[in-house]
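Trainee: Data: start-v3.cif, mmCIF, C-alpha atoms.
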data_entry
loop_
_atom_site.label_atom_id
_atom_site.label_comp_id
_atom_site.auth_asym_id
_atom_site.auth_seq_id
_atom_site.Cartn_x
_atom_site.Cartn_y
_atom_site.Cartn_z
CA MET Q 246 -4.95 45.30 209.01
CA ARG Q 247 -5.27 43.67 205.62
CA HIS Q 248 -6.02 40.32 207.26
CA SER Q 249 -8.70 41.87 209.42
CA ARG Q 250 -10.31 43.46 206.39
CA CYS Q 251 -10.26 40.17 204.50
CA PHE Q 252 -11.75 38.34 207.47
CA ALA Q 253 -14.48 40.87 208.04
CA THR Q 254 -15.27 40.87 204.34
CA SER Q 255 -15.51 37.08 204.24
CA VAL Q 256 -17.82 36.86 207.24
CA ALA Q 257 -19.98 39.66 205.94
CA LEU Q 258 -20.11 38.01 202.53
CA ILE Q 259 -21.21 34.65 203.90
CA PHE Q 260 -23.92 36.14 206.09
CA SER Q 261 -25.03 38.45 203.31
CA LEU Q 262 -25.33 35.53 200.91
CA GLY Q 263 -27.41 33.69 203.50
CA PHE Q 264 -29.77 36.59 203.95
CA LEU Q 265 -29.84 37.28 200.22
CA PHE Q 266 -30.75 33.68 199.51
CA GLY Q 267 -33.45 33.99 202.14
CA ALA Q 268 -34.81 37.16 200.65
CA ILE Q 269 -34.88 35.71 197.15
CA ALA Q 270 -36.52 32.53 198.32
CA GLY Q 271 -39.23 34.58 200.03
CA PRO Q 272 -40.34 34.62 203.63
CA ALA Q 273 -40.59 31.17 205.12
CA GLY Q 274 -41.97 32.26 208.45
CA ALA Q 275 -44.86 30.11 209.51
CA LYS Q 276 -48.15 31.87 209.33
CA ASP Q 277 -50.89 31.61 211.93
CA HIS Q 278 -53.09 28.80 210.76
CA SER Q 279 -56.80 28.89 211.32
CA LEU Q 280 -56.79 25.32 212.65
CA PRO Q 281 -55.88 24.90 216.33
CA LEU Q 282 -52.53 23.20 215.74
CA GLU Q 283 -51.72 22.26 219.29
CA ILE Q 284 -50.19 19.21 220.91
CA GLN Q 285 -50.29 18.73 224.64
CA PHE Q 286 -48.11 16.45 226.73
CA LYS Q 287 -49.85 15.22 229.86
CA ASP Q 288 -50.10 11.98 231.82
CA HIS Q 289 -47.07 10.57 230.00
CA ARG Q 290 -48.57 10.87 226.53
CA PHE Q 291 -49.19 13.32 223.70
CA THR Q 292 -52.72 14.49 222.95
CA PRO Q 293 -53.73 14.21 220.20
CA ARG Q 294 -51.46 11.40 219.08
CA THR Q 295 -52.46 11.94 215.48
CA LEU Q 296 -52.81 15.44 214.10
CA LYS Q 297 -53.90 16.18 210.56
CA VAL Q 298 -52.30 19.26 209.03
CA PRO Q 299 -52.48 20.83 205.58
CA ALA Q 300 -49.63 20.02 203.22
CA GLY Q 301 -47.93 22.66 201.15
CA GLU Q 302 -47.96 25.60 203.54
CA PRO Q 303 -45.81 26.64 206.50
CA LEU Q 304 -47.23 25.81 209.91
CA ALA Q 305 -46.86 26.95 213.50
CA LEU Q 306 -47.36 24.10 215.95
CA LYS Q 307 -48.01 24.98 219.58
CA VAL Q 308 -46.64 22.36 221.97
CA VAL Q 309 -47.68 22.48 225.62
CA ASN Q 310 -45.93 20.52 228.34
CA ALA Q 311 -48.76 20.19 230.85
CA SER Q 312 -46.96 17.49 232.82
CA ASP Q 313 -44.65 17.75 235.81
CA GLN Q 314 -41.71 16.29 233.85
CA THR Q 315 -39.15 17.86 231.57
CA ILE Q 316 -39.62 16.43 228.10
CA GLU Q 317 -37.85 16.76 224.77
CA PHE Q 318 -40.31 17.22 221.94
CA GLU Q 319 -38.54 15.80 218.92
CA SER Q 320 -39.29 14.84 215.37
CA PHE Q 321 -36.68 13.00 213.35
CA LYS Q 322 -38.37 13.52 210.00
CA LEU Q 323 -39.06 17.20 210.65
CA ASN Q 324 -35.59 17.83 212.12
CA ARG Q 325 -36.98 19.56 215.20
CA GLU Q 326 -35.86 19.10 218.82
CA VAL Q 327 -36.64 21.17 221.90
CA ALA Q 328 -36.48 20.45 225.62
CA MET Q 329 -39.46 21.74 227.60
CA THR Q 330 -39.68 22.24 231.33
CA PRO Q 331 -42.98 21.58 233.16
CA GLY Q 332 -45.63 24.11 232.18
CA GLN Q 333 -43.64 25.45 229.24
CA THR Q 334 -45.24 26.18 225.88
CA VAL Q 335 -43.22 26.50 222.68
CA THR Q 336 -44.12 27.30 219.11
CA VAL Q 337 -42.49 24.96 216.62
CA ARG Q 338 -42.32 26.44 213.14
CA LEU Q 339 -42.53 23.97 210.29
CA PRO Q 340 -41.86 24.48 206.59
CA ALA Q 341 -44.41 23.58 203.94
CA LEU Q 342 -44.70 19.81 204.23
CA TYR Q 343 -45.01 17.26 201.48
CA PRO Q 344 -48.05 14.98 201.91
CA GLY Q 345 -47.12 12.14 204.24
CA SER Q 346 -46.73 11.22 207.89
CA TYR Q 347 -44.18 12.71 210.26
CA ASP Q 348 -43.24 11.27 213.64
CA PHE Q 349 -42.92 13.11 216.94
CA TYR Q 350 -41.92 11.77 220.34
CA ASP Q 351 -40.46 12.57 223.75
CA ASP Q 352 -36.77 11.76 223.42
CA PHE Q 353 -36.24 11.87 227.19
CA HIS Q 354 -38.89 9.19 227.82
CA GLN Q 355 -38.66 6.59 225.12
CA ASP Q 356 -41.60 4.62 226.55
CA VAL Q 357 -43.97 7.47 225.67
CA PRO Q 358 -46.01 6.42 222.60
CA GLU Q 359 -44.98 8.22 219.43
CA GLY Q 360 -47.36 10.64 217.79
CA THR Q 361 -47.87 11.38 214.11
CA LEU Q 362 -48.49 14.48 212.04
CA ILE Q 363 -50.34 13.62 208.87
CA ALA Q 364 -49.93 16.19 206.13
CA ARG Q 365 -52.37 16.06 203.22
CA MET R 43 33.09 14.48 207.62
CA THR R 44 32.35 17.74 205.83
CA ARG R 45 29.56 16.05 203.89
CA THR R 46 28.09 14.72 207.13
CA VAL R 47 28.11 18.18 208.72
CA VAL R 48 26.55 19.75 205.63
CA ALA R 49 23.90 17.02 205.47
CA ALA R 50 23.16 17.46 209.17
CA ALA R 51 22.90 21.22 208.73
CA PHE R 52 20.46 20.82 205.82
CA ALA R 53 18.43 18.31 207.83
CA ALA R 54 18.27 20.73 210.77
CA ILE R 55 17.24 23.60 208.53
CA TYR R 56 14.57 21.39 206.92
CA VAL R 57 13.11 20.33 210.27
CA LEU R 58 13.16 23.87 211.65
CA ALA R 59 11.78 25.38 208.49
CA ILE R 60 8.79 23.10 208.08
CA PRO R 61 6.85 24.50 211.02
CA ARG R 62 7.17 27.94 209.52
CA ILE R 63 5.73 26.65 206.27
CA ALA R 64 2.48 26.10 208.08
CA THR R 65 0.22 24.18 205.78
CA ALA R 66 -3.53 24.46 205.79
CA GLN R 67 -4.87 22.54 208.78
CA VAL R 68 -8.09 20.76 209.55
CA ASP R 69 -8.97 19.91 213.15
CA PRO R 70 -8.52 16.12 213.27
CA TRP R 71 -9.92 15.92 216.80
CA GLU R 72 -13.24 17.07 215.56
CA PHE R 73 -14.53 15.62 212.34
CA GLU R 74 -17.97 16.98 213.07
CA VAL R 75 -20.22 19.38 211.21
CA TYR R 76 -22.20 21.64 213.53
CA PRO R 77 -25.85 22.02 212.68
CA TYR R 78 -27.90 25.15 213.18
CA ALA R 79 -29.68 23.67 216.21
CA THR R 80 -28.05 24.12 219.61
CA GLU R 81 -28.53 22.10 222.77
CA SER R 82 -31.83 22.94 224.43
CA ARG R 83 -31.79 25.10 227.55
CA GLY R 84 -30.67 23.04 230.54
CA VAL R 85 -29.58 20.02 228.50
CA ALA R 86 -26.03 18.68 228.88
CA GLU R 87 -24.35 16.53 226.29
CA LEU R 88 -21.33 14.30 226.68
CA GLU R 89 -19.53 13.49 223.48
CA THR R 90 -16.43 11.64 222.39
CA ASP R 91 -15.00 12.16 218.91
CA ASN R 92 -12.46 9.70 217.60
CA ALA R 93 -10.39 9.60 214.43
CA VAL R 94 -7.71 7.10 213.50
CA VAL R 95 -5.34 7.76 210.63
CA ALA R 96 -5.13 4.43 208.83
CA ASN R 97 -3.00 5.72 205.99
CA GLY R 98 -1.30 9.04 206.61
CA HIS R 99 2.05 10.76 206.48
CA ARG R 100 5.21 9.45 208.11
CA GLY R 101 6.66 12.82 209.07
CA GLY R 102 5.37 15.61 211.28
CA TYR R 103 3.80 18.83 210.05
CA SER R 104 2.02 17.07 207.20
CA GLY R 105 -1.40 15.60 206.69
CA THR R 106 -3.54 16.04 209.79
CA ALA R 107 -0.41 16.43 211.94
CA ALA R 108 0.05 20.10 212.80
CA GLY R 109 2.92 19.29 215.16
CA SER R 110 6.05 17.17 215.31
CA PHE R 111 4.30 13.80 215.70
CA ALA R 112 3.58 12.01 212.43
CA SER R 113 -0.05 11.49 211.47
CA GLN R 114 0.42 7.87 210.40
CA GLY R 115 -1.30 5.63 212.95
CA MET R 116 -2.35 8.58 215.12
CA TRP R 117 -5.52 8.17 217.21
CA TYR R 118 -7.16 11.53 217.87
CA ASN R 119 -9.55 11.42 220.83
CA GLN R 120 -11.66 14.31 222.04
CA TYR R 121 -14.02 14.57 225.02
CA GLU R 122 -16.61 17.31 224.97
CA VAL R 123 -19.17 18.59 227.45
CA THR R 124 -21.84 20.90 226.04
CA TYR R 125 -24.55 22.71 227.96
CA GLY R 126 -27.56 24.62 226.71
CA LEU R 127 -27.33 28.03 228.39
CA THR R 128 -30.45 29.43 226.74
CA ASP R 129 -32.73 28.13 224.00
CA ARG R 130 -30.39 29.74 221.46
CA ILE R 131 -26.88 29.64 222.99
CA GLU R 132 -24.75 26.75 224.23
CA GLY R 133 -21.31 26.57 225.84
CA ALA R 134 -18.79 23.74 225.56
CA ALA R 135 -15.45 22.59 226.96
CA TYR R 136 -13.17 20.06 225.26
CA LEU R 137 -10.23 17.90 226.26
CA ASN R 138 -8.06 16.66 223.41
CA VAL R 139 -5.77 13.66 223.77
CA ALA R 140 -3.90 11.68 221.14
CA LYS R 141 -2.03 8.45 220.75
CA PRO R 142 0.79 8.80 218.25
CA ASN R 143 1.95 5.61 216.57
CA GLY R 144 4.13 3.66 219.03
CA ALA R 145 3.51 6.06 221.91
CA SER R 146 0.92 6.26 224.65
CA PHE R 147 -2.12 8.54 224.97
CA GLN R 148 -1.12 12.05 225.92
CA TYR R 149 -2.59 15.48 226.42
CA ALA R 150 -2.84 17.44 223.19
CA GLY R 151 -4.90 20.50 224.03
CA SER R 152 -8.17 21.96 225.24
CA LYS R 153 -10.88 24.14 223.75
CA TYR R 154 -13.73 26.33 224.98
CA ARG R 155 -16.55 27.50 222.78
CA LEU R 156 -19.84 29.35 222.56
CA ARG R 157 -22.28 28.57 219.77
CA GLY R 158 -25.64 30.02 219.00
CA ARG R 159 -28.48 30.10 216.55
CA LEU R 160 -30.20 33.21 215.28
CA PHE R 161 -34.01 33.34 215.37
CA ASP R 162 -35.90 30.04 215.52
CA PRO R 163 -35.71 27.19 213.02
CA GLY R 164 -37.79 27.97 209.99
CA ALA R 165 -38.13 31.67 210.81
CA LEU R 166 -35.78 32.48 207.93
CA PRO R 167 -35.57 30.59 204.64
CA VAL R 168 -31.99 29.71 205.60
CA ASP R 169 -31.17 28.95 209.22
CA LEU R 170 -28.15 30.92 210.45
CA GLY R 171 -25.89 30.28 213.44
CA TRP R 172 -22.56 31.39 214.88
CA TYR R 173 -19.60 29.73 216.64
CA ALA R 174 -16.64 31.19 218.57
CA GLU R 175 -13.88 29.05 220.06
CA LEU R 176 -10.55 29.40 221.86
CA GLU R 177 -8.12 26.53 221.35
CA TRP R 178 -5.03 25.75 223.43
CA HIS R 179 -2.56 23.36 221.80
CA ARG R 180 0.36 21.43 223.20
CA ILE R 181 3.35 22.59 221.19
CA PRO R 182 5.40 21.49 219.35
CA GLN R 183 4.07 17.94 219.51
CA PHE R 184 0.55 18.63 218.23
CA ASP R 185 0.59 22.12 216.78
CA ASP R 186 2.86 25.06 216.08
CA ASN R 187 0.47 27.62 217.55
CA PRO R 188 -0.18 27.59 221.32
CA LEU R 189 -3.43 29.53 221.18
CA GLU R 190 -5.91 30.05 218.36
CA LEU R 191 -9.26 31.71 217.85
CA GLU R 192 -11.77 30.02 215.58
CA LEU R 193 -14.95 31.62 214.26
CA ARG R 194 -17.60 29.97 212.13
CA PRO R 195 -20.77 31.23 210.56
CA ILE R 196 -23.19 28.29 210.28
CA ILE R 197 -25.75 27.99 207.50
CA GLU R 198 -28.33 25.21 207.24
CA LYS R 199 -31.11 24.53 204.81
CA ASP R 200 -33.53 21.62 205.06
CA VAL R 201 -35.16 20.42 201.87
CA GLY R 202 -37.58 17.60 202.56
CA ARG R 203 -35.57 14.87 204.27
CA PHE R 204 -32.25 16.40 203.20
CA SER R 205 -30.22 18.79 205.34
CA PHE R 206 -27.43 20.86 203.83
CA ILE R 207 -25.05 22.41 206.35
CA VAL R 208 -22.15 24.80 205.80
CA ASN R 209 -19.57 25.63 208.50
CA ALA R 210 -17.11 28.18 207.13
CA GLN R 211 -14.08 28.19 209.44
CA PHE R 212 -11.84 31.18 210.14
CA GLU R 213 -8.90 30.41 212.41
CA LYS R 214 -6.15 32.68 213.69
CA PRO R 215 -3.21 32.30 216.10
CA ILE R 216 -3.54 34.92 218.82
CA PHE R 217 -1.54 36.46 221.69
CA GLU R 218 1.46 34.11 221.67
CA GLY R 219 3.67 32.10 219.37
CA PRO R 220 5.60 33.07 216.25
CA ASN R 221 2.48 33.16 214.07
CA ARG R 222 0.39 35.44 216.30
CA ASN R 223 0.51 38.26 213.78
CA ARG R 224 -0.65 36.11 210.91
CA GLY R 225 -4.13 36.56 209.55
CA PHE R 226 -7.01 34.15 209.41
CA GLU R 227 -6.83 30.76 207.75
CA PHE R 228 -9.86 29.45 205.93
CA GLY R 229 -11.34 26.00 206.27
CA TYR R 230 -14.69 24.33 206.00
CA ALA R 231 -16.77 21.53 207.48
CA ASN R 232 -19.83 20.92 205.33
CA ALA R 233 -22.37 18.13 205.20
CA MET R 234 -25.35 16.73 203.41
CA TYR R 235 -27.52 14.39 205.48
CA TYR R 236 -30.54 12.34 204.52
CA ARG R 237 -33.02 11.38 207.23
CA LEU R 238 -33.84 7.78 206.29
CA TRP R 239 -34.47 6.02 209.60
CA ARG R 240 -34.09 7.36 213.10
CA TYR R 241 -31.57 4.64 213.93
CA LEU R 242 -29.61 4.61 210.68
CA SER R 243 -29.24 7.32 208.06
CA PRO R 244 -26.63 8.17 205.44
CA GLY R 245 -24.69 11.36 204.91
CA LEU R 246 -21.70 12.91 203.21
CA GLU R 247 -19.32 15.20 205.07
CA PHE R 248 -16.64 17.42 203.60
CA TYR R 249 -13.70 18.89 205.50
CA GLY R 250 -10.87 21.01 204.26
CA ALA R 251 -8.47 23.87 204.74
CA THR R 252 -6.98 26.12 202.12
CA GLY R 253 -4.50 28.24 204.09
CA ASP R 254 -4.47 31.98 204.68
CA ILE R 255 -7.60 33.58 203.33
CA ASP R 256 -5.62 36.15 201.38
CA ASP R 257 -2.83 33.78 200.33
CA ASN R 258 -4.06 30.22 199.83
CA ASP R 259 -1.63 27.33 199.84
CA PRO R 260 -1.02 25.60 196.51
CA LEU R 261 -3.71 22.97 195.99
CA PRO R 262 -1.39 19.96 196.49
CA ARG R 263 -0.52 21.27 199.99
CA GLN R 264 -4.12 21.95 200.95
CA GLN R 265 -6.19 19.36 202.76
CA HIS R 266 -9.57 18.20 201.48
CA TYR R 267 -11.50 15.16 202.70
CA ILE R 268 -14.76 13.44 201.91
CA PHE R 269 -16.42 11.21 204.53
CA PRO R 270 -19.36 8.97 203.62
CA VAL R 271 -20.99 8.48 207.03
CA ILE R 272 -23.80 6.69 208.76
CA TRP R 273 -25.50 8.34 211.69
CA GLY R 274 -28.47 7.84 213.96
CA GLU R 275 -29.66 7.12 217.45
CA LEU R 276 -28.95 3.95 219.41
CA PRO R 277 -31.02 2.73 222.39
CA ARG R 278 -30.90 4.88 225.55
CA GLY R 279 -30.56 8.02 223.48
CA ILE R 280 -26.95 7.49 222.39
CA GLU R 281 -26.28 9.12 219.04
CA TYR R 282 -23.50 8.10 216.68
CA ASN R 283 -21.80 9.27 213.51
CA ALA R 284 -19.14 7.13 211.86
CA GLY R 285 -17.42 6.55 208.55
CA PRO R 286 -14.20 6.50 206.57
CA GLY R 287 -12.61 9.66 205.25
CA PHE R 288 -10.63 9.89 202.06
CA GLY R 289 -8.02 12.55 201.38
CA LEU R 290 -8.37 14.24 198.00
CA THR R 291 -5.00 16.00 197.76
CA GLY R 292 -1.37 15.11 198.38
CA GLY R 293 -1.37 17.29 201.49
CA SER R 294 -4.21 15.27 203.00
CA ASP R 295 -3.89 12.02 204.90
CA HIS R 296 -5.08 9.24 202.64
CA VAL R 297 -7.53 7.28 204.81
CA ILE R 298 -9.03 8.19 208.19
CA PHE R 299 -11.77 6.48 210.19
CA LYS R 300 -13.97 8.59 212.45
CA PHE R 301 -16.39 7.46 215.15
CA ASN R 302 -18.33 9.92 217.29
CA LEU R 303 -20.70 9.12 220.16
CA GLU R 304 -22.89 11.48 222.16
CA LEU R 305 -25.39 11.27 224.97
CA GLU R 306 -27.62 14.10 226.19
CA ARG R 307 -29.65 14.53 229.37
CA PHE R 308 -31.58 17.36 230.99
CA VAL R 309 -29.61 18.51 234.05
CA GLY R 310 -31.42 21.73 234.96
CA ALA R 311 -31.67 25.19 233.46
CA ILE R 312 -29.85 28.27 234.72
CA PHE R 313 -31.88 30.79 232.73
CA GLY R 314 -35.58 31.05 231.93
CA PRO R 315 -37.12 30.28 228.54
CA SER R 316 -36.08 32.44 225.60
CA SER R 317 -38.68 34.69 224.06
CA ASP R 318 -40.42 33.39 220.94
CA SER R 319 -39.88 36.80 219.38
CA GLY R 320 -36.18 36.91 220.30
CA TRP R 321 -33.42 36.30 217.79
CA PHE R 322 -30.11 36.05 219.70
CA PHE R 323 -30.60 34.98 223.35
#
Before we go any further, please render this structure as structure tokens.

Mentor:
Amino acid sequence: MRHSRCFATSVALIFSLGFLFGAIAGPAGAKDHSLPLEIQFKDHRFTPRTLKVPAGEPLALKVVNASDQTIEFESFKLNREVAMTPGQTVTVRLPALYPGSYDFYDDFHQDVPEGTLIAR
Amino acid sequence: MTRTVVAAAFAAIYVLAIPRIATAQVDPWEFEVYPYATESRGVAELETDNAVVANGHRGGYSGTAAGSFASQGMWYNQYEVTYGLTDRIEGAAYLNVAKPNGASFQYAGSKYRLRGRLFDPGALPVDLGWYAELEWHRIPQFDDNPLELELRPIIEKDVGRFSFIVNAQFEKPIFEGPNRNRGFEFGYANAMYYRLWRYLSPGLEFYGATGDIDDNDPLPRQQHYIFPVIWGELPRGIEYNAGPGFGLTGGSDHVIFKFNLELERFVGAIFGPSSDSGWFF
């Protein structure tokens, strides 16, 4: 009984600290940006291949797989990775970015040209 | 003659008693820190985790050896199949084998696990995940508990190109074995990674175990390791993570080398896409 209490307390403490840290740090949820931040995958390539985004504020990036292949939208620098079946649309939330360029690619088809997000 | 009998009796008591003095244990088959992200829906991953104890302990039930085989020269080898059930939950099955020094490869145990992430990445300031695993061990060669439950909350925070990951581990023998009524042991698998290049990046990993959460082992008997690692992606989508590990306490093995490889492919989804507004499934 004592062990169970200790265990439950520990788990609760860890999760609580996580949420508390989150609450103190403030909401990081990406807001809807006025720019049409959308990337489409079609005909074995991303369109646009270069997308300019504002630095310093959270973003929501809409990714559309308009091809008939399953792809994996991935960005090494942004630490994002999601497999997408044909016709699927996902929203990729991004934190406030430092100015710079950030890669994205289809990890399932390495011959697909890489794209770039440019934050400034 | 009497001295021989007494010495033999003490030796027997020592050998039998050690398993009961269960020291804090890390899982040497899996020197891996789980990130917040799970496998995508419909994606399967094959993985092999390897660890070789280059400088360990010469007796059983010490260092990374939780059973009667000594850790010195042991090669821990794990095969893992993971599948993305939904966009937020994955399932995995493991086969553990080991090659003790001077012996051949042999079955050591098996594990089954579910792991999930809460919400979507970036939805909360700190990304939170969960992990639940059942572990069967071959006793007494590789463990003193035949069946254990392991639970982990997972916390990840990305800061620029750095990722900080915390896996707090709570492990408990269940259902069978002499320790089934014991409480949870505490351990950890934490990491700090820097995303330098896609094909080669550095990181630091930390593994350890402190014993029962309400009655920690004395520090010299605890295990704590630091692994400077390199990680990245090789051609054809093969990902790797490798490096030496150094024990920081007397209860730890002194030097371990780890080398993990993984390959993922889309094999087909069972369930439909998860809702963007969902948080668990």

Trainee: Dump as CSV the rows for residues of chain R within 8 Å of chain Q: closest atom pair and distance in Å with one decimal, all atoms listed in the file counted, ordered by chain and rising residue number.

Mentor:
residue,atom,partner,partner_atom,distance
R:Ser82,CA,Q:Ala328,CA,5.4
R:Arg83,CA,Q:Ala328,CA,6.9
R:Val85,CA,Q:Ala328,CA,7.5
R:Asp162,CA,Q:Arg338,CA,7.7
R:Pro163,CA,Q:Arg338,CA,6.7
R:Gly164,CA,Q:Arg338,CA,5.7
R:Ala165,CA,Q:Gly274,CA,4.5
R:Leu166,CA,Q:Ala273,CA,5.7
R:Pro167,CA,Q:Gly267,CA,4.7
R:Val168,CA,Q:Gly267,CA,5.7
R:Leu170,CA,Q:Gly263,CA,7.5
R:Pro195,CA,Q:Val256,CA,7.2
R:Ile197,CA,Q:Gly263,CA,7.2
R:Gly202,CA,Q:Tyr343,CA,7.5
R:Arg203,CA,Q:Lys322,CA,6.5
R:Phe212,CA,Q:Phe252,CA,7.6
R:Arg224,CA,Q:His248,CA,7.7
R:Gly225,CA,Q:His248,CA,4.8
R:Phe226,CA,Q:His248,CA,6.6
R:Arg237,CA,Q:Lys322,CA,6.4
R:Arg240,CA,Q:Phe321,CA,6.2
R:Ile255,CA,Q:Cys251,CA,7.2
R:Asp256,CA,Q:Cys251,CA,6.9
R:Arg278,CA,Q:Gln355,CA,8.0
R:Gly279,CA,Q:Asp352,CA,7.2
R:Arg307,CA,Q:Phe353,CA,7.4
R:Phe308,CA,Q:Thr315,CA,7.6
R:Asp318,CA,Q:Thr336,CA,7.4

Trainee: Please determine, counting all atoms listed in the file, which residue among R:Glu177, R:Asp257, R:Glu304, R:Glu190 has the shortest atom-to-atom distance to R:Pro277.

Mentor: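 Of the candidates, the smallest distance to R:Pro277 is held by R:Glu304.
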
Trainee: What gap, in Å, lies between atom CA of R:Lys199 and atom CA of Q:Asp351?

Mentor: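 We find that atom CA of R:Lys199 and atom CA of Q:Asp351 lie 24.3 Å from each other.
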
Trainee: List the spatial neighbours of Q:Ser346 as a list of chain:residue names - criterion: any atom at most 9 Å away, all atoms listed in the file, same-chain residues fewer than 3 positions off excluded.

Mentor: Q:Lys322, Q:Tyr343, Q:Thr361, Q:Leu362, Q:Ile363, Q:Ala364, Q:Arg365

Trainee: Spell out the residues picked by the PyMOL selection byres ((chain Q and resi 288) around 10) here, as a VMD selection string.

Mentor: chain Q and resid 285 to 287 289 to 292 311 to 314 357

Trainee: Report, in Å to a single decimal, how far apart atom CA of R:Ser205 and atom CA of R:Phe248 are.

Mentor: 13.8 Å

Trainee: Just give me the gap between atom CA of R:Leu303 and atom CA of R:Glu198 in Å, one decimal is fine.

Mentor: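 Value for the atom CA of R:Leu303-atom CA of R:Glu198 distance: 22.0 Å.
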
Trainee: For the provided coordinates, the residues matched by the PyMOL selection byres ((chain R and resi 250) around 9) should be stated as a list in words.

Mentor: Ala66, Gln67, Val68, Phe228, Gly229, Tyr230, Ala231, Phe248, Tyr249, Ala251, Thr252, Gln264, Gln265, His266, Tyr267, Ile268 and Ser294 of chain R

Trainee: From the set R:Thr90, R:Ala174, R:Phe161, R:Glu132, which residue has the shortest atom-to-atom contact distance to R:Gly320, counting all atoms listed in the file?

Mentor: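 Nearest candidate to R:Gly320 out of R:Thr90, R:Ala174, R:Phe161, R:Glu132: R:Phe161.
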
Trainee: Report, as JSON, the axis-aligned box around all atoms of stretch 97-102 of chain R present in the file, extended by 4 Å on each side; give centre and edge lengths in Å to one decimal place.

Mentor:
{"center_x": 1.8, "center_y": 10.7, "center_z": 208.6, "size_x": 17.7, "size_y": 17.9, "size_z": 13.3}

Trainee: Could you tell me which residues the PyMOL selection byres ((chain R and resi 219) around 9) returns for this structure, as a ChimeraX atom specification?

Mentor: /R:186-189,215-218,220-223
